[in-house]
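Written out below as structure tokens is the structure these notes cover.
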Amino acid sequence: MQDIKETIDRDLLWLATAGSVDNGKSTLIGRLLHDCHAIYQDQLSSLEKISFKKGLSEVDLSLLTDGLSAEREQGITIDVAYRYFNTDRRRIIIADVPGHEQYTRNMVTGCSNADAVLILMDAQKGLTTQSKRHLFIASMMKIPNILIVVNKMDAVDYRQDVFAKIKQDCLSYISRLNIKEVDFIPVSAIKGDMVVFRGEAMPWYKDTTIIEYLNKIKVSLSNNEDSLRLPIQLTVRGEGEPRCYTGKMESGVLKKGDEVLILPSKIKTAIKAIFIGKKKLEMASAGQSVSVMLVDEVDVGRGDLIVRQSELPEKANEIEAMLCWMDNNPLEMGRSYLIKQMNKTCRVDISNVSYRVNIDNLYHESAASLRLNEIGRVFVKTNNELLFDAYEDNKYTGSFILIDEINKSTVAAGIILN
Amino acid sequence: MSEYNLNYLEKLEAESIHIIREAAAEFQNPVMLYSIGKDSSVLLRLAQKAFYPAKIPFPLLHIDTGYKFREMIEFRDYYTKKIAANLIVHKNEEATALAFKPEQAHTDEYIYYKKTKPLLEAIKKHDFDAAFGGARREEEKSRAKERIFSIRDANGVWDPKNQRPELWHLYNTKLKEGQTARIFPLSNWTEADIWMYIKQEDIEIVPLYFAKRQKVVRRNNVFLRLDEFVQVKEGEEVIEGMFRYRTLGCSPSTGAVPSEAITLEEIIAEVISAKNSERENRAIDYSSENSMEQKKKEGYF
């Protein structure tokens, strides 16, 4: 029997996977799940049935990831889908981003919580326009681990020079982006080479398989070393007890007795107690949802932020941001949008698009507006002051969404610049 | 692991608590769907943690079909009383719904009249603008594409092709006139996670989850326990043996699995090494290939 403690003591890795169906992405994910024993027998036999109905001789693992009926009918993937599996070290959550439709919107969404992104290329096609788009978005979203998987190596006779050429092309393109490091793995998803097992077809490749890579990379523990950011979600009070302030530690570490500053009111106080449920903690770290009691009875509410005096965030009602437009209706200057950033929602006015990025060639183009799937740099004026960090420093205090005030849809995702 | 390093169960817990608080802070009148099963039990514990030392600030809603296992109803009444929760029980009392026989419990019509319709009615009657549910993305393929904050139109309908993008920890809770939200704090949990959390937190659950010697019949490839809703039909053989349930629902449509697992440790070991998915014994998923997607579109949780 597997030890329970050992099972729980895995850490969590969010992985976004990008690439089109033609590159064999569904097959790759199916292969990962299959070889990690994350596919149940009844699911597999239902796949067998469907594969058989379609006249295929082998089980089509890609069918596993086609969730919605419209997708199966059209043979495409519409939306980000989430998958779960375990390696012997980690729990992995895959945000599977479709390649064809709405690639920008979906990729930005899938990457927003990712510790790593896997960008799939086809060994026969090499670095395509779509791969360039994926690399640009991964760099803009500051994904700390970028893995380029060159799939369908079986179709090019597992040739080392084909892999080397693609690697070279990617590296020369990446030099124009803000990416520190990428890794490359040659793979045949359909045969299983270098996914979970090494296989015997590529003895010239000595580095990690995909699974070894996923086990090896660092996940976002670095948040603990960052400044303390505890945005308040909600105040709770038990009968006859002092108020507690609840929220998720977006970064940093908080200890009982720590002196803190409440923003925006700038009231100084100290931490009297930290709880998760009934359990009292001496210390809380990034990622935990806590509730805290303060030494002084002060006025704190939703939208306030607990920080340290020595680590103040930015404060402004005018910010510059990269905006990814996600709605069918284009950005309209003067239209009323709401911004949600940390736990605060207020009205915004977008006064100006500085430029739009042509993500095929990285040129900055002048633009009066942004349409669905376009990315541009904008000035955002908010009617309340916002507390924030640059996205580069803290992705949770440096990001926001825009909501159309009339039809309530989420129309854009924003990344706050320095 | 270093002292700063959260394990994945702690991360899942933190995410769920954040989601529950966010919904409680932003919606006017939320409710928590309480199905009495293991996922509901975990959801309830997370809600308690989210608001401690205060009580859970919203009611629980149970949609009763009338054919639930009697152990479930007993547990519901005992447990909600124990934690002093505000429980609303809603049942479709119209003649069409009452006319369904236990043998029809797996049909689409039964699901609609006994579950989906009364759920939508209850939401309307009490003017709830948001309802928490314990669904997990891992459970079923159409659920894999569900948002954590998922919008339903005035008729309770889900439009999977027109979902709001969901980024970072920023949830859009704004609703248009008539819209309501479904909130799934357990989206990223798996069946094994649920069990490990139940063990870690020592959460009480319906005894049916533990293996017990009982009498069943084999019908449509599942083992149905003999009780007030399931009687032996001619030609059926009564089997007596050790069985437990992996999921709970209506007695006449929920199959038991042969199992010797009588402790949580044994259940966890069984789940981790399971060869089949937990929904294999749920007849309602199998009426067609798009079964769950279709039911979700109509308003089923």
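To be explicit about the labels: the chains of the structure tokens are called A, B, and onward in the order shown, and within each one the residues are counted from 1, while ligands get numbers from 1 in the order they are shown.
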
With the cut-off set at 7 Å and counting only C-alpha atoms, tabulate each residue of chain A with an atom at most that distance from an atom of chain B, showing the nearest atom pair and its distance in Å to one decimal, ordered by chain and increasing number, as a Markdown table.
| residue | atom | partner | partner_atom | distance |
| --- | --- | --- | --- | --- |
| A:Met1 | CA | B:Ala269 | CA | 6.0 |
| A:Gln2 | CA | B:Ala269 | CA | 6.6 |
| A:Ile8 | CA | B:Leu9 | CA | 6.3 |
| A:Asp9 | CA | B:Asn7 | CA | 5.2 |
| A:Arg10 | CA | B:Asn7 | CA | 5.7 |
| A:Asp11 | CA | B:Asn7 | CA | 4.8 |
| A:Leu12 | CA | B:Tyr8 | CA | 4.8 |
| A:Tyr40 | CA | B:Asn276 | CA | 4.7 |
| A:Gln41 | CA | B:Asn276 | CA | 4.9 |
| A:Asp42 | CA | B:Asn276 | CA | 5.3 |
| A:Gly67 | CA | B:Lys141 | CA | 4.8 |
| A:Leu68 | CA | B:Ser142 | CA | 5.7 |
| A:Ser69 | CA | B:Asn290 | CA | 6.2 |
| A:Asp79 | CA | B:Lys145 | CA | 6.6 |
| A:Val80 | CA | B:Lys145 | CA | 6.3 |
| A:Ala81 | CA | B:Lys145 | CA | 4.7 |
| A:Tyr82 | CA | B:Ala144 | CA | 5.3 |
| A:Arg83 | CA | B:Glu138 | CA | 6.6 |
| A:Tyr84 | CA | B:Glu138 | CA | 6.8 |
| A:Arg91 | CA | B:Tyr8 | CA | 6.8 |
| A:Thr109 | CA | B:Leu167 | CA | 5.3 |
| A:Ser112 | CA | B:Trp168 | CA | 5.1 |
| A:Asn113 | CA | B:Trp168 | CA | 5.5 |
| A:Leu221 | CA | B:Asn5 | CA | 6.7 |
| A:Gln233 | CA | B:Glu22 | CA | 6.6 |
| A:Leu234 | CA | B:Ala25 | CA | 6.2 |
| A:Val236 | CA | B:Ala54 | CA | 6.0 |
| A:Arg237 | CA | B:Ala54 | CA | 5.3 |
| A:Gly238 | CA | B:Ala54 | CA | 4.1 |
| A:Gly247 | CA | B:His18 | CA | 7.0 |
| A:Lys248 | CA | B:His18 | CA | 6.4 |
| A:Ile276 | CA | B:Lys49 | CA | 6.6 |
| A:Gly277 | CA | B:Lys49 | CA | 3.9 |
| A:Lys278 | CA | B:Tyr52 | CA | 6.6 |
| A:Ser285 | CA | B:Tyr4 | CA | 6.1 |
| A:Gly287 | CA | B:Lys11 | CA | 6.6 |
| A:Gln288 | CA | B:Ala14 | CA | 5.2 |
| A:Ser289 | CA | B:Ala14 | CA | 4.7 |
| A:Tyr396 | CA | B:Trp168 | CA | 6.7 |
| A:Asn407 | CA | B:Lys176 | CA | 6.4 |
| A:Lys408 | CA | B:Lys174 | CA | 5.7 |
| A:Ser409 | CA | B:Arg164 | CA | 6.5 |
| A:Thr410 | CA | B:Arg164 | CA | 5.9 |

With the cut-off set at 10 Å and counting only C-alpha atoms, tabulate each residue of region 38-151 of chain A with an atom at most that distance from an atom of region 325-348 of chain A, showing the nearest atom pair and its distance in Å to one decimal, ordered by chain and increasing number, as JSON lines.
{"residue": "A:Gln102", "atom": "CA", "partner": "A:Met326", "partner_atom": "CA", "distance": 8.6}
{"residue": "A:Thr104", "atom": "CA", "partner": "A:Met326", "partner_atom": "CA", "distance": 8.3}
{"residue": "A:Arg105", "atom": "CA", "partner": "A:Met326", "partner_atom": "CA", "distance": 5.5}
{"residue": "A:Asn106", "atom": "CA", "partner": "A:Met326", "partner_atom": "CA", "distance": 8.8}
{"residue": "A:Val108", "atom": "CA", "partner": "A:Met326", "partner_atom": "CA", "distance": 9.5}
{"residue": "A:Thr109", "atom": "CA", "partner": "A:Met326", "partner_atom": "CA", "distance": 9.7}

Could you take the residues named above and write them with C-alpha atoms, as a compact mmCIF listing (two decimals), in the first residue's frame?
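Below you can see result_4.txt, which holds the result:
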# COMPACT_ATOMS: atom_id res chain seq x y z
CA GLN A 102 -8.94 31.96 -29.85
CA THR A 104 -4.34 34.22 -27.52
CA ARG A 105 -7.26 34.45 -25.14
CA ASN A 106 -6.98 30.81 -24.18
CA VAL A 108 -3.19 33.88 -21.64
CA THR A 109 -5.88 32.26 -19.48

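The space separating CA of Lys114 (chain B) from CA of Lys91 (chain B) comes to 7.4 Å.
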
* Kindly indicate which residue among A:Cys36, A:Ala368, A:Leu417, A:Val59 lies nearest to Ser354 (chain A), using only C-alpha atoms for the distances. =>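 Among A:Cys36, A:Ala368, A:Leu417, A:Val59, it is A:Ala368 that comes nearest to Ser354 (chain A).
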
Run DSSP on the backbone and give me the residues of region 186-262 of chain B it puts in strand (DSSP E), as a PDB file with N, CA and C atoms, in the first residue's frame.
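Written out: selection_22.pdb:
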ATOM      1  N   LYS B 212     -19.416  -3.247   3.906  1.00  0.00           N
ATOM      2  CA  LYS B 212     -20.266  -3.922   4.867  1.00  0.00           C
ATOM      3  C   LYS B 212     -20.865  -5.132   4.164  1.00  0.00           C
ATOM      4  N   ARG B 213     -21.134  -6.177   4.933  1.00  0.00           N
ATOM      5  CA  ARG B 213     -21.789  -7.346   4.352  1.00  0.00           C
ATOM      6  C   ARG B 213     -23.240  -6.971   4.035  1.00  0.00           C
ATOM      7  N   GLN B 214     -23.647  -7.085   2.789  1.00  0.00           N
ATOM      8  CA  GLN B 214     -25.032  -6.758   2.442  1.00  0.00           C
ATOM      9  C   GLN B 214     -25.533  -7.569   1.247  1.00  0.00           C
ATOM     10  N   LYS B 215     -26.859  -7.494   1.060  1.00  0.00           N
ATOM     11  CA  LYS B 215     -27.478  -8.251  -0.023  1.00  0.00           C
ATOM     12  C   LYS B 215     -27.711  -7.341  -1.227  1.00  0.00           C
ATOM     13  N   VAL B 216     -27.257  -7.804  -2.392  1.00  0.00           N
ATOM     14  CA  VAL B 216     -27.419  -7.007  -3.605  1.00  0.00           C
ATOM     15  C   VAL B 216     -27.946  -7.890  -4.734  1.00  0.00           C
ATOM     16  N   VAL B 217     -28.425  -7.209  -5.793  1.00  0.00           N
ATOM     17  CA  VAL B 217     -28.709  -7.931  -7.034  1.00  0.00           C
ATOM     18  C   VAL B 217     -27.901  -7.268  -8.144  1.00  0.00           C
ATOM     19  N   ARG B 218     -27.602  -8.073  -9.166  1.00  0.00           N
ATOM     20  CA  ARG B 218     -26.856  -7.511 -10.283  1.00  0.00           C
ATOM     21  C   ARG B 218     -27.863  -7.115 -11.361  1.00  0.00           C
ATOM     22  N   ARG B 219     -27.910  -5.825 -11.662  1.00  0.00           N
ATOM     23  CA  ARG B 219     -28.886  -5.337 -12.634  1.00  0.00           C
ATOM     24  C   ARG B 219     -28.191  -4.324 -13.536  1.00  0.00           C
ATOM     25  N   VAL B 222     -24.608  -3.316 -12.711  1.00  0.00           N
ATOM     26  CA  VAL B 222     -24.194  -2.736 -11.427  1.00  0.00           C
ATOM     27  C   VAL B 222     -24.853  -3.515 -10.288  1.00  0.00           C
ATOM     28  N   PHE B 223     -24.231  -3.431  -9.114  1.00  0.00           N
ATOM     29  CA  PHE B 223     -24.771  -4.111  -7.948  1.00  0.00           C
ATOM     30  C   PHE B 223     -25.667  -3.159  -7.166  1.00  0.00           C
ATOM     31  N   LEU B 224     -26.961  -3.486  -7.110  1.00  0.00           N
ATOM     32  CA  LEU B 224     -27.889  -2.637  -6.365  1.00  0.00           C
ATOM     33  C   LEU B 224     -28.249  -3.317  -5.050  1.00  0.00           C
ATOM     34  N   ARG B 225     -28.163  -2.530  -3.990  1.00  0.00           N
ATOM     35  CA  ARG B 225     -28.483  -3.089  -2.679  1.00  0.00           C
ATOM     36  C   ARG B 225     -29.988  -3.246  -2.537  1.00  0.00           C
ATOM     37  N   VAL B 238     -29.944 -13.219  -5.649  1.00  0.00           N
ATOM     38  CA  VAL B 238     -29.507 -12.355  -4.549  1.00  0.00           C
ATOM     39  C   VAL B 238     -28.084 -12.743  -4.160  1.00  0.00           C
ATOM     40  N   ILE B 239     -27.204 -11.745  -4.176  1.00  0.00           N
ATOM     41  CA  ILE B 239     -25.805 -12.003  -3.831  1.00  0.00           C
ATOM     42  C   ILE B 239     -25.545 -11.381  -2.465  1.00  0.00           C
ATOM     43  N   GLU B 240     -24.895 -12.135  -1.583  1.00  0.00           N
ATOM     44  CA  GLU B 240     -24.540 -11.542  -0.307  1.00  0.00           C
ATOM     45  C   GLU B 240     -23.026 -11.449  -0.230  1.00  0.00           C
ATOM     46  N   GLY B 241     -22.540 -10.241   0.109  1.00  0.00           N
ATOM     47  CA  GLY B 241     -21.088 -10.087   0.168  1.00  0.00           C
ATOM     48  C   GLY B 241     -20.702  -8.728   0.709  1.00  0.00           C
ATOM     49  N   MET B 242     -19.391  -8.463   0.739  1.00  0.00           N
ATOM     50  CA  MET B 242     -18.888  -7.185   1.229  1.00  0.00           C
ATOM     51  C   MET B 242     -18.919  -6.164   0.092  1.00  0.00           C
ATOM     52  N   PHE B 243     -19.665  -5.079   0.311  1.00  0.00           N
ATOM     53  CA  PHE B 243     -19.794  -4.032  -0.700  1.00  0.00           C
ATOM     54  C   PHE B 243     -19.683  -2.663  -0.046  1.00  0.00           C
ATOM     55  N   ARG B 244     -19.205  -1.682  -0.841  1.00  0.00           N
ATOM     56  CA  ARG B 244     -19.256  -0.297  -0.379  1.00  0.00           C
ATOM     57  C   ARG B 244     -19.600   0.597  -1.568  1.00  0.00           C
ATOM     58  N   VAL B 257     -19.821  -1.280  -4.973  1.00  0.00           N
ATOM     59  CA  VAL B 257     -18.683  -2.012  -5.519  1.00  0.00           C
ATOM     60  C   VAL B 257     -18.233  -3.067  -4.508  1.00  0.00           C
ATOM     61  N   PRO B 258     -17.827  -4.229  -4.994  1.00  0.00           N
ATOM     62  CA  PRO B 258     -17.293  -5.240  -4.073  1.00  0.00           C
ATOM     63  C   PRO B 258     -16.024  -4.670  -3.445  1.00  0.00           C
TER      64      PRO B 258
END

* To do: Would you list the contacts of Arg356 (chain A) as a PyMOL selection string, taking every protein, DNA or RNA residue within 8 Å and counting only C-alpha atoms, but skipping same-chain residues closer than 6 positions in sequence?
  => chain A and resi 364-367+370+374-377

* From region 6-230 of chain B, collect each residue whose DSSP state is helix (DSSP H, G or I) and return the set as a VMD selection string. => chain B and resid 8 to 26 38 to 51 70 to 82 95 to 98 102 to 104 108 to 125 137 to 139 143 to 145 160 to 162 191 to 201 207 to 209

* **Spatial neighbours of Ile198 (chain B), 10 Å, only C-alpha atoms, chain gap at least 6 places, as an MDAnalysis selection string** => chainID B and resid 38:39 41:42 45 192 204:205 264

Selection above as a file: N, CA, C and O atoms, as an mmCIF file, in the first residue's frame:
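So out.cif came out as:
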data_model
loop_
_atom_site.group_PDB
_atom_site.id
_atom_site.type_symbol
_atom_site.label_atom_id
_atom_site.label_comp_id
_atom_site.auth_asym_id
_atom_site.auth_seq_id
_atom_site.Cartn_x
_atom_site.Cartn_y
_atom_site.Cartn_z
ATOM 1 N N LYS B 38 -19.412 12.523 -0.088
ATOM 2 C CA LYS B 38 -18.079 12.829 0.430
ATOM 3 C C LYS B 38 -17.590 14.212 0.008
ATOM 4 O O LYS B 38 -16.957 14.919 0.783
ATOM 5 N N ASP B 39 -17.903 14.594 -1.245
ATOM 6 C CA ASP B 39 -17.451 15.898 -1.719
ATOM 7 C C ASP B 39 -18.146 17.020 -0.955
ATOM 8 O O ASP B 39 -17.527 18.005 -0.569
ATOM 9 N N SER B 41 -19.220 16.800 2.028
ATOM 10 C CA SER B 41 -18.688 16.821 3.387
ATOM 11 C C SER B 41 -17.385 17.617 3.440
ATOM 12 O O SER B 41 -17.146 18.372 4.384
ATOM 13 N N VAL B 42 -16.561 17.456 2.401
ATOM 14 C CA VAL B 42 -15.312 18.219 2.340
ATOM 15 C C VAL B 42 -15.613 19.704 2.131
ATOM 16 O O VAL B 42 -15.040 20.584 2.782
ATOM 17 N N ARG B 45 -16.642 21.304 5.328
ATOM 18 C CA ARG B 45 -15.515 21.541 6.227
ATOM 19 C C ARG B 45 -14.712 22.772 5.778
ATOM 20 O O ARG B 45 -14.304 23.606 6.591
ATOM 21 N N ALA B 192 -8.997 10.924 -4.979
ATOM 22 C CA ALA B 192 -8.008 10.540 -3.962
ATOM 23 C C ALA B 192 -7.764 11.707 -2.993
ATOM 24 O O ALA B 192 -7.622 11.498 -1.781
ATOM 25 N N GLU B 204 -16.506 13.427 9.309
ATOM 26 C CA GLU B 204 -17.530 12.373 9.362
ATOM 27 C C GLU B 204 -18.207 12.214 8.007
ATOM 28 O O GLU B 204 -18.515 13.211 7.344
ATOM 29 N N ILE B 205 -18.459 10.980 7.607
ATOM 30 C CA ILE B 205 -19.128 10.731 6.331
ATOM 31 C C ILE B 205 -20.195 9.649 6.493
ATOM 32 O O ILE B 205 -20.209 8.924 7.479
ATOM 33 N N LEU B 264 -10.631 4.163 6.567
ATOM 34 C CA LEU B 264 -10.250 5.197 5.600
ATOM 35 C C LEU B 264 -8.957 4.826 4.882
ATOM 36 O O LEU B 264 -8.828 5.032 3.675
#

* Please provide the set of residues having any atom within 10 Å of region 188-205 of chain A, restricted to only C-alpha atoms, with same-chain residues fewer than 5 positions apart removed, written as a ChimeraX atom specification. => /A:23-36,60-62,87,122-123,149-155,157-160,163,210-213
